[in-house]
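Here is the structure we will look at.
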Amino acid sequence: MLRALQAVLAAFFGVQSERNRQRDFQQSSPWPYILAGLFMAGVFVVLVLLVARWAAAS
Amino acid sequence: MTSRSLPRPVVQQSASEATAGGAAAGHHAHQPRGLLRWVLTTNHKEIGTLYLLFALLMFFIGGTMALVVRAELFQPGMTFILPEFFNQMTTMHGLIMVFGAIMPAFVGLANWMVPVQIGAPDMALPRLNNFSFWLLPVSFTILLSTLFMEGGGPNFGWTFYAPLSTTYAPPSTSFFILAMHLAGISSILGAINIIATILNLRTPNMRLMDMPLFVWTWLITAFLLIAVMPVLAGVITMMLLDINFGTSFFDAAGGGDPVLFQHLFWFFGHPEVYIMILPAFGIVSAIVPTFARKRLFGYASMVYATASIAILSFVVWAHHMFTVGLPLTAQLFFMYSTMLIAVPTGVKVFNWIATLFRGSISFELPMLFSLAFIVQFTIGGLSGVMLAIAPADFQYHDTYFVVAHFHYVLVPGAVFAILAAAYYWLPKWSGVYPNVKLGLTHFWLSVIGVNLTFFPMHFSGLAGMPRRIPDYALQFADFNLLSSIGGFLFGISQLLFVAVVILCIRGKGEKAPAQAWEGAEGLEWTLPSPAPLHTFDTPPEFVPERDSPSRH
Amino acid sequence: MLQLLYRSCGLLLLLTGPALASAINTSSGWNMPPGVTDISREIYSLHMIIFWICVAIAVVVFGVMFWSLFVYRKSKGAKPAHFHENTTVEVIWTAIPLAILVIMAIPATATLKKIYDASDAEIDILVTGYQWRWHYQYLDQDISFFSNLGTPRSQILGEEDKGDFYLLEVDNPLVLPVGKKVRFLFTSNDVIHAWWVPDLAIKKDTIPGFINESWTIINEPGTYRGQCAELCGQDHAYMPIEVRAVTEEVWLSWLDEQRETAAAEAASGEREWTLAELNERGAGVYTTYCAACHQADGSGMPPAFPALRGNPVMTSAEGRDKHINAVLFGRPGTSMPGYGTTLSVNDLAAVITYERNAWGNDTGDAVQPSEIRALLDR
């Protein structure tokens, strides 16, 4: 699961080393990655929202 | 038990038929001929062709409307048409170009190219494919017929903000809603078909990360379509209820909320913008490596960037609504999320340029259109960054600066990518190369025309000219004159493209080999030119270490 | 041949780029106006900063691109390299745009927060959008009026030369004092409009059923012009905004003047008017409020907008009540709005009288303001 989160983070940033990519694509099931992706999308939205709230309040 | 086992011998029989060439030909001889052949076809190539020709027809209808608009704006004053008809023209131009020209053109390209790029014999759901195409002519016949109805056609802009499009709308609006529903169903069915094809029919050994980028971008686009088209359907249904059944979703007098309309519309509308550009990224990512004779730089990051753009597109919709009076926190949220989109978009541009760097570059027609795409799309992207800055957007919003921005993304952007794709794959479709002389003239006139039309709009917008006005103050006259001249130049020069296509269809021109372009990679170039009606009846061989765009 | 074209295009871009940019910077007709408030100047400088950052990015990106196109041409015998990935480079060109965006976001956030602080305003003005005119109400000064397009129709139709402020002039401008914090409240009577004055850097949607707010402190006296920015129907182009900023003394005396006119207008509603008086005033009201749909010659645009010339409702005695009713309360189910709450009784009486006598309708009816008052009070 940690590996999936790491891969999703790399994908969000858009860059991943070839070695890690090969490793990720050896996995048998894509579901951990899909779930991690959805989860991280939610985290991302909350993060931007928190920054916006902080900027509005400060 | 017996009834279930019955069909089995039949299946085996048809499979053996397919392998025996002569029997297969006999089978196809039963197909209807003439017009009915096209009405009833379930072949992905024929349906792709239908989509593309339909898009071309709509491109000219929508373009003619744009020229009516430009003719009225040629000079200040009410010179040529009445404001009411002007509004109908801008609205119909937008609707037809978005839903009738650009989207069907991309779906047509997907129909043609996705199966042959992944080594599939056809789309996964051929009958559904036929149905989703034939919904479109019905939809647009209804839409165009509203122009001849009492009170005229839709006149509230392609964004059809309520209550202008409900309480204050012409009587034909219910027909407009029906037409949009049909186009939406067509898009959803088409998207389902594309996803089913890509996920199920890839040739053995082709993993997702072995697919050409055009297939990848379409896979992501199809998911976007399925996610947002129902939202459009919902919002137009609410309009229909407000107009005909006395509800008050968007009517403030009945306790409704006109701003809700905008939230719903743009929750659909913003991903819709990416639906119209992601497949263009895929096309350019196929063409640039071919003519730079060098593999695409950063294949994986291209896939990630496409996915990032798709995810971000769901959380930026309110940047179209900076002036409706959102709370400060919401304003900041949408400003930040919108600015972030520039990052993955920038990555794409950098990757294309890194692909060019140290390549062996030649300038065939598809390459010219792709390079023009990169430059012009980047201009549209940069003005997009400016528009993302909320305080500055108070000055840009609803002016010609916005018109310039989205036309740069969609015309010198998406339309140029579609033209590039047509020039790139015409040899595969028709068996002959597009006429170079005509093509070059078409390219240069288009580049000059499109920039002459849209570049001055940045200035008229900054100087204070609002959108969607049929008449303007005198200080905007020079810019509008230039835009009108450019518009007519661009519009008329598209006739050259029709000439190119007709020559190709009639087989006039240099014959193309299977590998039509020297540096091209992909399964489509293993097929003869023109590609036969039925291809890859048996899955082609695919060795990832040798054929994958992500290989080492 | 092709290469020559490319070379000349690149050269042209290099040569004209800076020249074009400097023209943008100096000439006001090309660029966003810096405006006359602190906020508008801040927005202007924000705009210029982002603009130059974008130009710099474009120069670098297109520079590398065209240089690559030029140097690595196949016709010059360029052999393709084989690299297709470089993690370091990819991290760098992802991180740099991210940093630039953060730098842009900081001043943008600060400006936005100032724009949102409408507290401590000294003057409150309610701006209401109508199809297709603006209504201004000075909430504490007890003054309100409509502001209509001032450009004559003959200029729009090209029968007369267009004036300097073609489509940017109104009959009653909004008059404001300089140096005072003015708060605007925005709403709409029908569809969504947007009130935009570039020199004040205010653009706000006016939405039926909602109230939006914004504020300004105008630094310099002058006349500032703007337009409706949100598509609101056929005459969207014909509802301009004119703000006249004056010193406080001038503003106070203007307020007195307005109150006197309003009092005189109210008093004249009591007396009996002659047919000629009503017709003369009615012609003006008709041009401003009715001619857009029913046309200057009363021919209308059937079927949406019926003709008034020769219309039985306007030519017969039996139609009189129906006619008055339609003008006062509108015709439900059509685009004819009721003017009973927007126009004064004098204007209503005058325009109805005019419609019953103009273009050969010739009924000789004189509808008196007192009659309209009685109907409205009922």
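By convention here, the chains of the structure tokens are called A, B, ... in the order presented, each chain's residues are numbered starting at 1, and ligands are numbered starting at 1 in the order presented.
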- Item | Who sits within 9 Å of Ala108 in chain C, only C-alpha atoms, same chain under 4 positions skipped, as an MDAnalysis selection string | (chainID B and resid 389:392) or (chainID C and resid 43 46 104 112:113)
Write to file, as a PDB file, in the first residue's frame, the residues of the selection just made, with all heavy atoms.
```pdb
ATOM      1  N   ILE B 389      -5.410  34.137 -12.596  1.00  0.00           N
ATOM      2  CA  ILE B 389      -5.164  35.081 -11.498  1.00  0.00           C
ATOM      3  C   ILE B 389      -6.465  35.844 -11.235  1.00  0.00           C
ATOM      4  O   ILE B 389      -6.813  36.779 -11.961  1.00  0.00           O
ATOM      5  CB  ILE B 389      -4.038  36.057 -11.884  1.00  0.00           C
ATOM      6  CG1 ILE B 389      -2.829  35.322 -12.432  1.00  0.00           C
ATOM      7  CG2 ILE B 389      -3.670  36.955 -10.708  1.00  0.00           C
ATOM      8  CD1 ILE B 389      -2.042  34.557 -11.426  1.00  0.00           C
ATOM      9  N   ALA B 390      -7.165  35.467 -10.167  1.00  0.00           N
ATOM     10  CA  ALA B 390      -8.522  35.969  -9.954  1.00  0.00           C
ATOM     11  C   ALA B 390      -8.654  37.500 -10.002  1.00  0.00           C
ATOM     12  O   ALA B 390      -9.550  38.003 -10.676  1.00  0.00           O
ATOM     13  CB  ALA B 390      -9.085  35.415  -8.653  1.00  0.00           C
ATOM     14  N   PRO B 391      -7.798  38.274  -9.311  1.00  0.00           N
ATOM     15  CA  PRO B 391      -8.002  39.731  -9.357  1.00  0.00           C
ATOM     16  C   PRO B 391      -7.889  40.275 -10.774  1.00  0.00           C
ATOM     17  O   PRO B 391      -8.661  41.145 -11.185  1.00  0.00           O
ATOM     18  CB  PRO B 391      -6.878  40.286  -8.475  1.00  0.00           C
ATOM     19  CG  PRO B 391      -6.289  39.149  -7.762  1.00  0.00           C
ATOM     20  CD  PRO B 391      -6.645  37.904  -8.485  1.00  0.00           C
ATOM     21  N   ALA B 392      -6.920  39.762 -11.544  1.00  0.00           N
ATOM     22  CA  ALA B 392      -6.773  40.226 -12.921  1.00  0.00           C
ATOM     23  C   ALA B 392      -7.957  39.760 -13.770  1.00  0.00           C
ATOM     24  O   ALA B 392      -8.380  40.447 -14.699  1.00  0.00           O
ATOM     25  CB  ALA B 392      -5.463  39.715 -13.514  1.00  0.00           C
TER      26      ALA B 392
ATOM     27  N   ILE C  43      -4.158  45.853  -9.697  1.00  0.00           N
ATOM     28  CA  ILE C  43      -4.517  44.822 -10.676  1.00  0.00           C
ATOM     29  C   ILE C  43      -3.730  45.014 -11.958  1.00  0.00           C
ATOM     30  O   ILE C  43      -3.247  44.052 -12.564  1.00  0.00           O
ATOM     31  CB  ILE C  43      -6.038  44.856 -10.944  1.00  0.00           C
ATOM     32  CG1 ILE C  43      -6.787  44.325  -9.716  1.00  0.00           C
ATOM     33  CG2 ILE C  43      -6.400  44.043 -12.176  1.00  0.00           C
ATOM     34  CD1 ILE C  43      -8.283  44.325  -9.860  1.00  0.00           C
ATOM     35  N   LEU C  46      -0.244  43.784 -11.393  1.00  0.00           N
ATOM     36  CA  LEU C  46      -0.320  42.319 -11.360  1.00  0.00           C
ATOM     37  C   LEU C  46      -0.393  41.765 -12.787  1.00  0.00           C
ATOM     38  O   LEU C  46       0.321  40.829 -13.165  1.00  0.00           O
ATOM     39  CB  LEU C  46      -1.575  41.918 -10.584  1.00  0.00           C
ATOM     40  CG  LEU C  46      -1.662  40.559  -9.917  1.00  0.00           C
ATOM     41  CD1 LEU C  46      -0.503  40.350  -8.971  1.00  0.00           C
ATOM     42  CD2 LEU C  46      -2.979  40.462  -9.158  1.00  0.00           C
ATOM     43  N   MET C 104       3.660  33.924  -8.336  1.00  0.00           N
ATOM     44  CA  MET C 104       2.539  34.707  -8.873  1.00  0.00           C
ATOM     45  C   MET C 104       1.362  34.736  -7.899  1.00  0.00           C
ATOM     46  O   MET C 104       0.632  35.711  -7.813  1.00  0.00           O
ATOM     47  CB  MET C 104       2.049  34.081 -10.180  1.00  0.00           C
ATOM     48  CG  MET C 104       2.917  34.315 -11.376  1.00  0.00           C
ATOM     49  SD  MET C 104       1.897  33.893 -12.813  1.00  0.00           S
ATOM     50  CE  MET C 104       3.083  33.265 -13.903  1.00  0.00           C
ATOM     51  N   LEU C 112      -6.500  40.213  -3.849  1.00  0.00           N
ATOM     52  CA  LEU C 112      -7.856  39.673  -3.756  1.00  0.00           C
ATOM     53  C   LEU C 112      -8.457  39.965  -2.380  1.00  0.00           C
ATOM     54  O   LEU C 112      -9.638  40.307  -2.252  1.00  0.00           O
ATOM     55  CB  LEU C 112      -7.810  38.160  -4.014  1.00  0.00           C
ATOM     56  CG  LEU C 112      -9.143  37.511  -4.367  1.00  0.00           C
ATOM     57  CD1 LEU C 112      -9.696  38.120  -5.637  1.00  0.00           C
ATOM     58  CD2 LEU C 112      -8.976  36.013  -4.540  1.00  0.00           C
ATOM     59  N   LYS C 113      -7.634  39.836  -1.340  1.00  0.00           N
ATOM     60  CA  LYS C 113      -8.157  40.078   0.006  1.00  0.00           C
ATOM     61  C   LYS C 113      -8.566  41.535   0.185  1.00  0.00           C
ATOM     62  O   LYS C 113      -9.568  41.831   0.845  1.00  0.00           O
ATOM     63  CB  LYS C 113      -7.106  39.668   1.043  1.00  0.00           C
ATOM     64  CG  LYS C 113      -7.024  38.152   1.183  1.00  0.00           C
ATOM     65  CD  LYS C 113      -5.867  37.717   2.006  1.00  0.00           C
ATOM     66  CE  LYS C 113      -6.123  37.948   3.482  1.00  0.00           C
ATOM     67  NZ  LYS C 113      -4.996  37.398   4.279  1.00  0.00           N
TER      68      LYS C 113
END
```
Run DSSP on the backbone of this structure and report the residues of range 74-110 of chain C it assigns to alpha helix (DSSP H), as a PDB file with all heavy atoms, in the first residue's frame.
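The file below, part-v3.pdb, is the result:
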```pdb
ATOM      1  N   THR C  87      15.264  11.630 -15.660  1.00  0.00           N
ATOM      2  CA  THR C  87      14.496  11.960 -14.455  1.00  0.00           C
ATOM      3  C   THR C  87      14.882  13.329 -13.906  1.00  0.00           C
ATOM      4  O   THR C  87      14.018  14.119 -13.534  1.00  0.00           O
ATOM      5  CB  THR C  87      14.700  10.871 -13.385  1.00  0.00           C
ATOM      6  OG1 THR C  87      14.496   9.600 -14.009  1.00  0.00           O
ATOM      7  CG2 THR C  87      13.705  11.035 -12.261  1.00  0.00           C
ATOM      8  N   THR C  88      16.169  13.636 -13.881  1.00  0.00           N
ATOM      9  CA  THR C  88      16.612  14.917 -13.320  1.00  0.00           C
ATOM     10  C   THR C  88      15.985  16.087 -14.068  1.00  0.00           C
ATOM     11  O   THR C  88      15.409  16.998 -13.463  1.00  0.00           O
ATOM     12  CB  THR C  88      18.145  15.022 -13.415  1.00  0.00           C
ATOM     13  OG1 THR C  88      18.694  13.732 -13.202  1.00  0.00           O
ATOM     14  CG2 THR C  88      18.675  15.999 -12.404  1.00  0.00           C
ATOM     15  N   VAL C  89      16.120  16.055 -15.402  1.00  0.00           N
ATOM     16  CA  VAL C  89      15.574  17.147 -16.200  1.00  0.00           C
ATOM     17  C   VAL C  89      14.073  17.274 -15.964  1.00  0.00           C
ATOM     18  O   VAL C  89      13.542  18.381 -15.800  1.00  0.00           O
ATOM     19  CB  VAL C  89      15.865  16.890 -17.692  1.00  0.00           C
ATOM     20  CG1 VAL C  89      15.166  17.929 -18.548  1.00  0.00           C
ATOM     21  CG2 VAL C  89      17.350  16.905 -17.954  1.00  0.00           C
ATOM     22  N   GLU C  90      13.379  16.135 -15.894  1.00  0.00           N
ATOM     23  CA  GLU C  90      11.930  16.173 -15.719  1.00  0.00           C
ATOM     24  C   GLU C  90      11.558  16.778 -14.371  1.00  0.00           C
ATOM     25  O   GLU C  90      10.603  17.549 -14.272  1.00  0.00           O
ATOM     26  CB  GLU C  90      11.346  14.767 -15.871  1.00  0.00           C
ATOM     27  CG  GLU C  90      11.350  14.317 -17.324  1.00  0.00           C
ATOM     28  CD  GLU C  90      10.841  12.900 -17.497  1.00  0.00           C
ATOM     29  OE1 GLU C  90       9.671  12.663 -17.183  1.00  0.00           O
ATOM     30  OE2 GLU C  90      11.613  12.034 -17.938  1.00  0.00           O
ATOM     31  N   VAL C  91      12.323  16.435 -13.328  1.00  0.00           N
ATOM     32  CA  VAL C  91      12.045  17.025 -12.011  1.00  0.00           C
ATOM     33  C   VAL C  91      12.259  18.531 -12.077  1.00  0.00           C
ATOM     34  O   VAL C  91      11.428  19.311 -11.587  1.00  0.00           O
ATOM     35  CB  VAL C  91      12.966  16.387 -10.931  1.00  0.00           C
ATOM     36  CG1 VAL C  91      12.870  17.179  -9.636  1.00  0.00           C
ATOM     37  CG2 VAL C  91      12.554  14.945 -10.682  1.00  0.00           C
ATOM     38  N   ILE C  92      13.318  18.954 -12.727  1.00  0.00           N
ATOM     39  CA  ILE C  92      13.611  20.392 -12.788  1.00  0.00           C
ATOM     40  C   ILE C  92      12.494  21.137 -13.522  1.00  0.00           C
ATOM     41  O   ILE C  92      11.959  22.128 -13.030  1.00  0.00           O
ATOM     42  CB  ILE C  92      14.973  20.628 -13.491  1.00  0.00           C
ATOM     43  CG1 ILE C  92      16.111  20.147 -12.576  1.00  0.00           C
ATOM     44  CG2 ILE C  92      15.156  22.100 -13.824  1.00  0.00           C
ATOM     45  CD1 ILE C  92      17.463  20.140 -13.242  1.00  0.00           C
ATOM     46  N   TRP C  93      12.073  20.628 -14.685  1.00  0.00           N
ATOM     47  CA  TRP C  93      11.092  21.423 -15.416  1.00  0.00           C
ATOM     48  C   TRP C  93       9.668  21.249 -14.893  1.00  0.00           C
ATOM     49  O   TRP C  93       8.744  21.858 -15.382  1.00  0.00           O
ATOM     50  CB  TRP C  93      11.225  21.260 -16.919  1.00  0.00           C
ATOM     51  CG  TRP C  93      10.738  19.982 -17.552  1.00  0.00           C
ATOM     52  CD1 TRP C  93       9.670  19.216 -17.203  1.00  0.00           C
ATOM     53  CD2 TRP C  93      11.293  19.366 -18.709  1.00  0.00           C
ATOM     54  NE1 TRP C  93       9.539  18.160 -18.043  1.00  0.00           N
ATOM     55  CE2 TRP C  93      10.521  18.228 -18.988  1.00  0.00           C
ATOM     56  CE3 TRP C  93      12.361  19.674 -19.561  1.00  0.00           C
ATOM     57  CZ2 TRP C  93      10.783  17.395 -20.071  1.00  0.00           C
ATOM     58  CZ3 TRP C  93      12.613  18.851 -20.632  1.00  0.00           C
ATOM     59  CH2 TRP C  93      11.839  17.718 -20.873  1.00  0.00           C
ATOM     60  N   THR C  94       9.491  20.386 -13.899  1.00  0.00           N
ATOM     61  CA  THR C  94       8.221  20.393 -13.181  1.00  0.00           C
ATOM     62  C   THR C  94       8.293  21.378 -12.012  1.00  0.00           C
ATOM     63  O   THR C  94       7.333  22.073 -11.710  1.00  0.00           O
ATOM     64  CB  THR C  94       7.890  18.985 -12.657  1.00  0.00           C
ATOM     65  OG1 THR C  94       8.052  18.062 -13.736  1.00  0.00           O
ATOM     66  CG2 THR C  94       6.470  18.901 -12.153  1.00  0.00           C
ATOM     67  N   ALA C  95       9.465  21.405 -11.369  1.00  0.00           N
ATOM     68  CA  ALA C  95       9.600  22.226 -10.157  1.00  0.00           C
ATOM     69  C   ALA C  95       9.638  23.714 -10.493  1.00  0.00           C
ATOM     70  O   ALA C  95       9.064  24.530  -9.763  1.00  0.00           O
ATOM     71  CB  ALA C  95      10.856  21.817  -9.402  1.00  0.00           C
ATOM     72  N   ILE C  96      10.289  24.085 -11.598  1.00  0.00           N
ATOM     73  CA  ILE C  96      10.421  25.516 -11.906  1.00  0.00           C
ATOM     74  C   ILE C  96       9.057  26.182 -12.155  1.00  0.00           C
ATOM     75  O   ILE C  96       8.752  27.209 -11.535  1.00  0.00           O
ATOM     76  CB  ILE C  96      11.402  25.723 -13.095  1.00  0.00           C
ATOM     77  CG1 ILE C  96      12.822  25.406 -12.629  1.00  0.00           C
ATOM     78  CG2 ILE C  96      11.323  27.149 -13.620  1.00  0.00           C
ATOM     79  CD1 ILE C  96      13.853  25.515 -13.727  1.00  0.00           C
ATOM     80  N   PRO C  97       8.200  25.610 -13.021  1.00  0.00           N
ATOM     81  CA  PRO C  97       6.871  26.237 -13.185  1.00  0.00           C
ATOM     82  C   PRO C  97       6.108  26.318 -11.871  1.00  0.00           C
ATOM     83  O   PRO C  97       5.436  27.312 -11.597  1.00  0.00           O
ATOM     84  CB  PRO C  97       6.156  25.309 -14.163  1.00  0.00           C
ATOM     85  CG  PRO C  97       7.218  24.578 -14.873  1.00  0.00           C
ATOM     86  CD  PRO C  97       8.353  24.468 -13.921  1.00  0.00           C
ATOM     87  N   LEU C  98       6.246  25.283 -11.048  1.00  0.00           N
ATOM     88  CA  LEU C  98       5.562  25.274  -9.755  1.00  0.00           C
ATOM     89  C   LEU C  98       6.014  26.481  -8.924  1.00  0.00           C
ATOM     90  O   LEU C  98       5.196  27.199  -8.340  1.00  0.00           O
ATOM     91  CB  LEU C  98       5.904  23.965  -9.034  1.00  0.00           C
ATOM     92  CG  LEU C  98       4.878  23.448  -8.023  1.00  0.00           C
ATOM     93  CD1 LEU C  98       3.539  23.213  -8.693  1.00  0.00           C
ATOM     94  CD2 LEU C  98       5.371  22.152  -7.395  1.00  0.00           C
ATOM     95  N   ALA C  99       7.329  26.717  -8.908  1.00  0.00           N
ATOM     96  CA  ALA C  99       7.864  27.844  -8.144  1.00  0.00           C
ATOM     97  C   ALA C  99       7.352  29.171  -8.709  1.00  0.00           C
ATOM     98  O   ALA C  99       6.932  30.068  -7.964  1.00  0.00           O
ATOM     99  CB  ALA C  99       9.390  27.799  -8.179  1.00  0.00           C
ATOM    100  N   ILE C 100       7.365  29.302 -10.040  1.00  0.00           N
ATOM    101  CA  ILE C 100       6.880  30.542 -10.661  1.00  0.00           C
ATOM    102  C   ILE C 100       5.425  30.788 -10.271  1.00  0.00           C
ATOM    103  O   ILE C 100       5.030  31.910  -9.945  1.00  0.00           O
ATOM    104  CB  ILE C 100       7.026  30.466 -12.202  1.00  0.00           C
ATOM    105  CG1 ILE C 100       8.503  30.408 -12.590  1.00  0.00           C
ATOM    106  CG2 ILE C 100       6.351  31.659 -12.862  1.00  0.00           C
ATOM    107  CD1 ILE C 100       8.736  30.208 -14.071  1.00  0.00           C
ATOM    108  N   LEU C 101       4.624  29.719 -10.270  1.00  0.00           N
ATOM    109  CA  LEU C 101       3.206  29.869  -9.943  1.00  0.00           C
ATOM    110  C   LEU C 101       3.020  30.327  -8.499  1.00  0.00           C
ATOM    111  O   LEU C 101       2.182  31.176  -8.211  1.00  0.00           O
ATOM    112  CB  LEU C 101       2.473  28.552 -10.185  1.00  0.00           C
ATOM    113  CG  LEU C 101       2.311  28.189 -11.655  1.00  0.00           C
ATOM    114  CD1 LEU C 101       1.772  26.781 -11.795  1.00  0.00           C
ATOM    115  CD2 LEU C 101       1.389  29.174 -12.349  1.00  0.00           C
ATOM    116  N   VAL C 102       3.822  29.761  -7.599  1.00  0.00           N
ATOM    117  CA  VAL C 102       3.712  30.182  -6.193  1.00  0.00           C
ATOM    118  C   VAL C 102       4.049  31.671  -6.087  1.00  0.00           C
ATOM    119  O   VAL C 102       3.358  32.441  -5.413  1.00  0.00           O
ATOM    120  CB  VAL C 102       4.647  29.332  -5.304  1.00  0.00           C
ATOM    121  CG1 VAL C 102       4.701  29.903  -3.903  1.00  0.00           C
ATOM    122  CG2 VAL C 102       4.158  27.894  -5.265  1.00  0.00           C
ATOM    123  N   ILE C 103       5.096  32.091  -6.805  1.00  0.00           N
ATOM    124  CA  ILE C 103       5.486  33.508  -6.767  1.00  0.00           C
ATOM    125  C   ILE C 103       4.354  34.392  -7.295  1.00  0.00           C
ATOM    126  O   ILE C 103       4.081  35.471  -6.778  1.00  0.00           O
ATOM    127  CB  ILE C 103       6.785  33.712  -7.592  1.00  0.00           C
ATOM    128  CG1 ILE C 103       7.948  33.022  -6.871  1.00  0.00           C
ATOM    129  CG2 ILE C 103       7.076  35.191  -7.794  1.00  0.00           C
ATOM    130  CD1 ILE C 103       9.198  32.905  -7.714  1.00  0.00           C
ATOM    131  N   MET C 104       3.660  33.924  -8.336  1.00  0.00           N
ATOM    132  CA  MET C 104       2.539  34.707  -8.873  1.00  0.00           C
ATOM    133  C   MET C 104       1.362  34.736  -7.899  1.00  0.00           C
ATOM    134  O   MET C 104       0.632  35.711  -7.813  1.00  0.00           O
ATOM    135  CB  MET C 104       2.049  34.081 -10.180  1.00  0.00           C
ATOM    136  CG  MET C 104       2.917  34.315 -11.376  1.00  0.00           C
ATOM    137  SD  MET C 104       1.897  33.893 -12.813  1.00  0.00           S
ATOM    138  CE  MET C 104       3.083  33.265 -13.903  1.00  0.00           C
ATOM    139  N   ALA C 105       1.173  33.625  -7.160  1.00  0.00           N
ATOM    140  CA  ALA C 105      -0.019  33.513  -6.328  1.00  0.00           C
ATOM    141  C   ALA C 105       0.034  34.449  -5.126  1.00  0.00           C
ATOM    142  O   ALA C 105      -1.011  34.915  -4.655  1.00  0.00           O
ATOM    143  CB  ALA C 105      -0.183  32.062  -5.857  1.00  0.00           C
ATOM    144  N   ILE C 106       1.229  34.764  -4.638  1.00  0.00           N
ATOM    145  CA  ILE C 106       1.331  35.558  -3.405  1.00  0.00           C
ATOM    146  C   ILE C 106       0.750  36.972  -3.575  1.00  0.00           C
ATOM    147  O   ILE C 106      -0.172  37.344  -2.836  1.00  0.00           O
ATOM    148  CB  ILE C 106       2.790  35.567  -2.899  1.00  0.00           C
ATOM    149  CG1 ILE C 106       3.155  34.152  -2.414  1.00  0.00           C
ATOM    150  CG2 ILE C 106       2.965  36.569  -1.763  1.00  0.00           C
ATOM    151  CD1 ILE C 106       4.624  33.944  -2.170  1.00  0.00           C
ATOM    152  N   PRO C 107       1.230  37.784  -4.554  1.00  0.00           N
ATOM    153  CA  PRO C 107       0.613  39.115  -4.693  1.00  0.00           C
ATOM    154  C   PRO C 107      -0.854  39.042  -5.107  1.00  0.00           C
ATOM    155  O   PRO C 107      -1.661  39.888  -4.702  1.00  0.00           O
ATOM    156  CB  PRO C 107       1.461  39.784  -5.790  1.00  0.00           C
ATOM    157  CG  PRO C 107       2.135  38.684  -6.511  1.00  0.00           C
ATOM    158  CD  PRO C 107       2.321  37.585  -5.521  1.00  0.00           C
ATOM    159  N   ALA C 108      -1.206  38.010  -5.896  1.00  0.00           N
ATOM    160  CA  ALA C 108      -2.607  37.868  -6.320  1.00  0.00           C
ATOM    161  C   ALA C 108      -3.511  37.675  -5.112  1.00  0.00           C
ATOM    162  O   ALA C 108      -4.586  38.280  -5.011  1.00  0.00           O
ATOM    163  CB  ALA C 108      -2.744  36.697  -7.286  1.00  0.00           C
ATOM    164  N   THR C 109      -3.054  36.855  -4.164  1.00  0.00           N
ATOM    165  CA  THR C 109      -3.851  36.616  -2.954  1.00  0.00           C
ATOM    166  C   THR C 109      -4.018  37.910  -2.157  1.00  0.00           C
ATOM    167  O   THR C 109      -5.118  38.234  -1.694  1.00  0.00           O
ATOM    168  CB  THR C 109      -3.167  35.545  -2.086  1.00  0.00           C
ATOM    169  OG1 THR C 109      -2.953  34.389  -2.888  1.00  0.00           O
ATOM    170  CG2 THR C 109      -4.009  35.202  -0.878  1.00  0.00           C
ATOM    171  N   ALA C 110      -2.929  38.665  -2.019  1.00  0.00           N
ATOM    172  CA  ALA C 110      -2.991  39.906  -1.239  1.00  0.00           C
ATOM    173  C   ALA C 110      -3.997  40.880  -1.853  1.00  0.00           C
ATOM    174  O   ALA C 110      -4.838  41.464  -1.150  1.00  0.00           O
ATOM    175  CB  ALA C 110      -1.603  40.532  -1.179  1.00  0.00           C
TER     176      ALA C 110
END
```
Go through chain B and flag each residue having an atom no more than 6 Å from chain C; for those, report the closest pair of atoms plus their distance in Å to one decimal, using only C-alpha atoms, ordered by chain and rising number, as a tab-separated table.
```
residue	atom	partner	partner_atom	distance
B:Gly77	CA	C:Ile156	CA	4.8
B:Met78	CA	C:Leu157	CA	5.4
B:Pro83	CA	C:Gln234	CA	5.4
B:Glu84	CA	C:Gln234	CA	4.8
B:Pro163	CA	C:Val191	CA	5.6
B:Leu164	CA	C:Val191	CA	5.6
B:Ala252	CA	C:Gly209	CA	5.0
B:Lys294	CA	C:Pro80	CA	5.8
B:Phe297	CA	C:His84	CA	4.3
B:Gly298	CA	C:Glu85	CA	5.1
B:Thr323	CA	C:Lys204	CA	5.1
B:Val324	CA	C:Asp205	CA	5.2
B:Gly325	CA	C:Asn212	CA	5.9
B:Ile353	CA	C:Met65	CA	5.7
B:Phe357	CA	C:Ser68	CA	5.3
B:Arg358	CA	C:Ala81	CA	5.7
B:Gly359	CA	C:Pro80	CA	4.2
B:Ser360	CA	C:Lys74	CA	4.6
B:Ile361	CA	C:Arg73	CA	4.5
B:Ser362	CA	C:Lys74	CA	5.6
B:Leu382	CA	C:Cys54	CA	5.9
B:Pro391	CA	C:Leu112	CA	5.6
B:Ala392	CA	C:Ile43	CA	5.6
B:Phe394	CA	C:Lys203	CA	5.6
B:Asp398	CA	C:Ala229	CA	5.9
B:Phe459	CA	C:Trp30	CA	5.0
B:Leu462	CA	C:Met32	CA	4.6
B:Ala463	CA	C:Asn31	CA	5.3
B:Pro466	CA	C:Ala229	CA	5.4
B:Ile469	CA	C:Ala237	CA	5.0
B:Ala473	CA	C:Tyr166	CA	5.5
```
